[in-house]
Structure formats: C-alpha cells, structure tokens
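Undergrad: Just passing along the structure, written as structure tokens.
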Amino acid sequence: MFKFITAKPLWVNILFSIVLVTIVILLFLVSLNFITRHGSTLTIPSVTGKSFAEATRVLEGQGFEVQLQDSIYNDTAQALSVLRQFPEADEVVKRNRTVYLTINRSVPPTIEMPLLEGLSFRSAEVVLKQYSLKRGDTSYRMDLAKNSVLEQIFNGVRIKPGSKLPMGSVIDLVLGTGEGDEFMVPDLFGMPYSEAKVMLEGSGFAITAIPDGGVVDTTAAFVYRQQPEKYTTDGRANRIRQGQNIAVWIGIERPVRQVDSIPQ
C-alpha cells in the first residue's frame with residue numbers, strides 16, 4: 001500500500017487526500033443531519049383557552065409530547081382550561097418536543113377573609129384585590145366615618161375576619177355616609193358647662209363655649225344661651241345630626257328661665 005502511495009507523484013497524493021477528506025466531511029454532515037433530524041421541525045399551535053383534553057389531542061396529533069406543568073386558579077377562565085403553554089404558540093421546534101401546560105383549577109382554593117371594617121373604601125378595594133376577592137355592591141349607612149367600611153358582607157351575611165371562603169368570592173361593603181343620626185337638640189339652659197360638654201360629646205356632637213367676661217373657670221360656669229336652640233321660632237323641636245356643632249354662651253351665674261319663654 002505504501003509502495004502504491006510512494007509510486008505516485010506528490011500532487012496526485014495531495015489531490016487524493018483532499019478528495020478523501022471531502023468525502024469524509026460530507027458523510028459526517030449527512031449522518032449528522034439524519035441523527036439530529038434536521039429539517040424535521042414543527043410549529044407549535046396555540047392551545048391556550050382550550051380544555052386540557054382538547055389541547056392534548058391537538059398537540060399529540062401533531063407529533064408533540066404533552067406534560068402537565070402546573071395548575072393555578074383564575075376565576076375568569078373555564079375550569080381545566082389551558083392558561084399557559086411552554087414553548088409558546090408559533091415557535092418552531094423539532095418533532096416530539098414536549099409542550100408543558102398550565103391549567104386552571106376546577107375548584108377554587110380556600111382563603112381567609114381579611115379585615116376590611118374600619119378601612120377606607122379605597123384601601124378595602126386594594127386589600128380585596130390582594131386576596132383575589134371581588135368587590136360586590138356598596139350600600140350606605142348613616143355614620144360619621146365617611147366612606148369608611150362599616151360591614152363586610154358575604155352572601156347576605158356579615159362575615160368575620162379569618163372566616164374561610166373560596167378565592168374569587170364577591171364581598172359587599174356597607175359604607176358610612178359621613179353624617180350622624182339625627183337627634184332632637186337638647187335643652188342646655190341652666191346646665192353646668194362641664195355637664196353639658198360631657199353630654200354633647202358623649203352623644204357625638206361638637207361643642208363651642210363662648211364665655212362672658214366674668215368667667216375664669218369654665219368648669220364652674222353655666223349655660224345661659226345656646227345655638228341652635230331646643231325649639232324653632234314657631235315652637236317646633238329643632239333637630240341636629242351627630243358631628244354637628246352646638247355653640248353655648250356661659251356665665252358665672254346660673255340663669256333663671258322666664259316662664260313665658262317656654263313653648264306650650
């Protein structure tokens with residue numbers, strides 16, 4: 001064999017070597033193409049939104065493997081429908097590639113009801129979103145805390161914080177109007193200022209004291225005038241809401257009411 005090689009001119013041997021190497025490279029490329037199935041590719045179809053069974057049928061029918069990767073809950077999607085796929089739709093991959101699917105749970109997970117009462121309406125909306133709950137109807141009740149949550153309602157019943165309920169549940173809210181209940185104006189004439197102050201503030205009213213020149217200690221003063229008064233000019237009972245102000249004029253002497261000033 002060596003005599004055959006050495007018997008040939010050098011240029012013939014070089015040409016032979018080049019041809020041999022070229023053949024080997026071509027054979028390698030052909031075999032590599034066969035091993036890697038180059039050219040045997042598929043475009044992944046979109047199966048998002050389809051049921052898991054239908055998505056599996058579509059993917060396996062086109063030569064893909066299917067594997068369930070995860071299940072999460074989305075209250076706007078159908079139960080057991082595909083929420084995500086990987087690789088995504090329209091990607092070009094090799095045949096027999098595995099497609100991983102994330103589906104929607106058939107039963108929503110259970111969560112604990114958060115505490116909304118006492119929060120502002122806007123804050124309550126943020127908390128509801130954080131807990132994957134939905135805001136339902138809002139109603140109003142007379143209360144000084146304007147737009148503050150007074151009650152949290154689930155299925156028509158007030159629900160306590162920590163109660164178990166399905167994720168995505170609808171929570172109704174009862175909010176304050178910013179106005180207190182309406183009451184008859186109390187008669188403060190002749191009352192010690194200290195007692196009038198305790199009574200009014202305990203009932204949710206504000207009080208403004210206007211002392212005359214002789215008052216040094218308001219706790220020892222007496223109310224001799226108020227606004228609004230107990231009665232209107234035509235003799236009807238005046239009414240006032242919680243949170244409103246009653247002004248009182250106070251002096252050091254206990255006043256005496258004139259009999260003809262009392263409405264009959």
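Following the order of the structure tokens, chains are lettered A, B, ..., residues in each are numbered from 1, and ligands are numbered from 1.
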At a cut-off of 10 Å, using only C-alpha atoms, what residues contact Arg158 (chain A)? Leave out same-chain residues fewer than 5 positions from it and give the result as a count of residues only.

TA: 7

Undergrad: Name all residues at most 12 Å from Ile246 (chain A) (count only C-alpha atoms; drop same-chain ones fewer than 5 positions away) and give them as a ChimeraX atom specification.

TA: /A:185-188,196-197,199-201,203-210,223,225-230,238-241

Undergrad: Can I get the selected residues back with N, CA and C atoms, as a tab-separated table (two decimals), in the first residue's frame?

TA:
```
chain	number	residue	atom	x	y	z
A	185	VAL	N	-82.45	68.57	69.42
A	185	VAL	CA	-81.48	69.40	70.11
A	185	VAL	C	-81.81	69.39	71.61
A	186	PRO	N	-80.84	69.06	72.45
A	186	PRO	CA	-81.12	69.04	73.89
A	186	PRO	C	-81.23	70.47	74.46
A	187	ASP	N	-81.96	70.56	75.55
A	187	ASP	CA	-82.10	71.85	76.23
A	187	ASP	C	-80.97	71.98	77.25
A	188	LEU	N	-80.05	72.91	77.01
A	188	LEU	CA	-78.88	73.07	77.88
A	188	LEU	C	-78.99	74.26	78.83
A	196	ALA	N	-72.82	69.81	80.40
A	196	ALA	CA	-73.27	69.96	79.01
A	196	ALA	C	-72.22	69.43	78.05
A	197	LYS	N	-70.96	69.72	78.35
A	197	LYS	CA	-69.86	69.27	77.49
A	197	LYS	C	-69.79	67.75	77.44
A	199	MET	N	-72.18	65.58	78.11
A	199	MET	CA	-73.37	65.04	77.47
A	199	MET	C	-73.29	65.15	75.95
A	200	LEU	N	-72.91	66.33	75.44
A	200	LEU	CA	-72.86	66.55	73.99
A	200	LEU	C	-71.78	65.70	73.32
A	201	GLU	N	-70.59	65.70	73.89
A	201	GLU	CA	-69.50	64.93	73.29
A	201	GLU	C	-69.77	63.44	73.38
A	203	SER	N	-72.61	62.13	73.02
A	203	SER	CA	-73.62	61.82	72.01
A	203	SER	C	-73.12	62.06	70.59
A	204	GLY	N	-71.85	62.44	70.45
A	204	GLY	CA	-71.28	62.60	69.12
A	204	GLY	C	-71.40	64.00	68.56
A	205	PHE	N	-71.70	65.00	69.41
A	205	PHE	CA	-71.80	66.38	68.95
A	205	PHE	C	-70.53	67.15	69.31
A	206	ALA	N	-70.27	68.21	68.57
A	206	ALA	CA	-69.18	69.13	68.92
A	206	ALA	C	-69.77	70.28	69.72
A	207	ILE	N	-68.96	70.89	70.55
A	207	ILE	CA	-69.44	71.99	71.38
A	207	ILE	C	-68.43	73.13	71.35
A	208	THR	N	-68.94	74.34	71.22
A	208	THR	CA	-68.10	75.54	71.27
A	208	THR	C	-68.59	76.43	72.41
A	209	ALA	N	-67.69	76.72	73.35
A	209	ALA	CA	-68.05	77.55	74.50
A	209	ALA	C	-67.67	79.00	74.24
A	210	ILE	N	-68.62	79.90	74.56
A	210	ILE	CA	-68.38	81.34	74.42
A	210	ILE	C	-68.58	81.96	75.80
A	223	VAL	N	-74.65	77.44	81.40
A	223	VAL	CA	-75.12	77.79	80.06
A	223	VAL	C	-76.33	78.69	80.18
A	225	ARG	N	-77.33	80.44	77.13
A	225	ARG	CA	-77.82	80.58	75.76
A	225	ARG	C	-77.17	79.48	74.92
A	226	GLN	N	-77.89	79.03	73.91
A	226	GLN	CA	-77.33	78.01	73.02
A	226	GLN	C	-77.81	78.25	71.59
A	227	GLN	N	-77.02	77.75	70.63
A	227	GLN	CA	-77.38	77.84	69.22
A	227	GLN	C	-76.89	76.58	68.49
A	228	PRO	N	-77.79	75.80	67.88
A	228	PRO	CA	-79.22	76.04	67.77
A	228	PRO	C	-79.94	75.80	69.10
A	229	GLU	N	-81.10	76.44	69.22
A	229	GLU	CA	-81.90	76.30	70.43
A	229	GLU	C	-82.74	75.03	70.35
A	230	LYS	N	-83.33	74.67	71.48
A	230	LYS	CA	-84.14	73.45	71.52
A	230	LYS	C	-85.36	73.53	70.61
A	238	ASN	N	-86.21	71.54	67.36
A	238	ASN	CA	-85.07	71.57	66.44
A	238	ASN	C	-84.40	70.20	66.41
A	239	ARG	N	-83.81	69.85	65.25
A	239	ARG	CA	-83.13	68.57	65.12
A	239	ARG	C	-81.70	68.82	64.61
A	240	ILE	N	-80.78	67.96	65.01
A	240	ILE	CA	-79.37	68.11	64.65
A	240	ILE	C	-78.76	66.73	64.45
A	241	ARG	N	-77.77	66.66	63.57
A	241	ARG	CA	-77.11	65.38	63.29
A	241	ARG	C	-75.82	65.26	64.10
```

Undergrad: Using only C-alpha atoms for the distances, tell me which of A:Pro114, A:Ala89, A:Thr98, A:Ser194 is nearest to Lys164 (chain A).

TA: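 Checking each candidate against Lys164 (chain A), we get A:Pro114 as the closest.
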
Undergrad: Return as a ChimeraX atom specification the full set of residues in region 37-241 of chain A whose backbone-based DSSP assignment is helix (DSSP H, G or I).

TA: /A:52-61,121-130,193-202,218-220

Undergrad: Neighbours of Ile72 (chain A) within 10 Å (only C-alpha atoms; same-chain residues fewer than 3 positions away dropped), as an MDAnalysis selection string?

TA: chainID A and resid 80 83 102:109

Undergrad: Would you mind reading off the distance between CA of Ala221 (chain A) and CA of Arg254 (chain A), one decimal, in Å?

TA: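 Between CA of Ala221 (chain A) and CA of Arg254 (chain A) the gap works out to 7.8 Å.
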
Undergrad: Identify all residues of region 196-252 of chain A in strand (DSSP E) (DSSP on the backbone) and supply them as a ChimeraX atom specification.

TA: /A:206-211,222-227,239-241,245-251

Undergrad: Identify which of the residues A:Thr177, A:Thr76, A:Met113, A:Pro161 lies closest to Arg141 (chain A), counting only C-alpha atoms when measuring atom-to-atom distances.

TA: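 That would be A:Thr177, the residue with the smallest distance to Arg141 (chain A).
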
Undergrad: Between CA of Trp249 (chain A) and CA of Ala145 (chain A), what is the distance, to one decimal in Å?

TA: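 The value is 29.1 Å.
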
Undergrad: Of the candidates A:Thr138, A:Thr218, A:Gln258, A:Gln62, which one gets nearest to Val93 (chain A) if we count only C-alpha atoms?

TA: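 Looking only at the distances to Val93 (chain A), the closest residue turns out to be A:Gln62.
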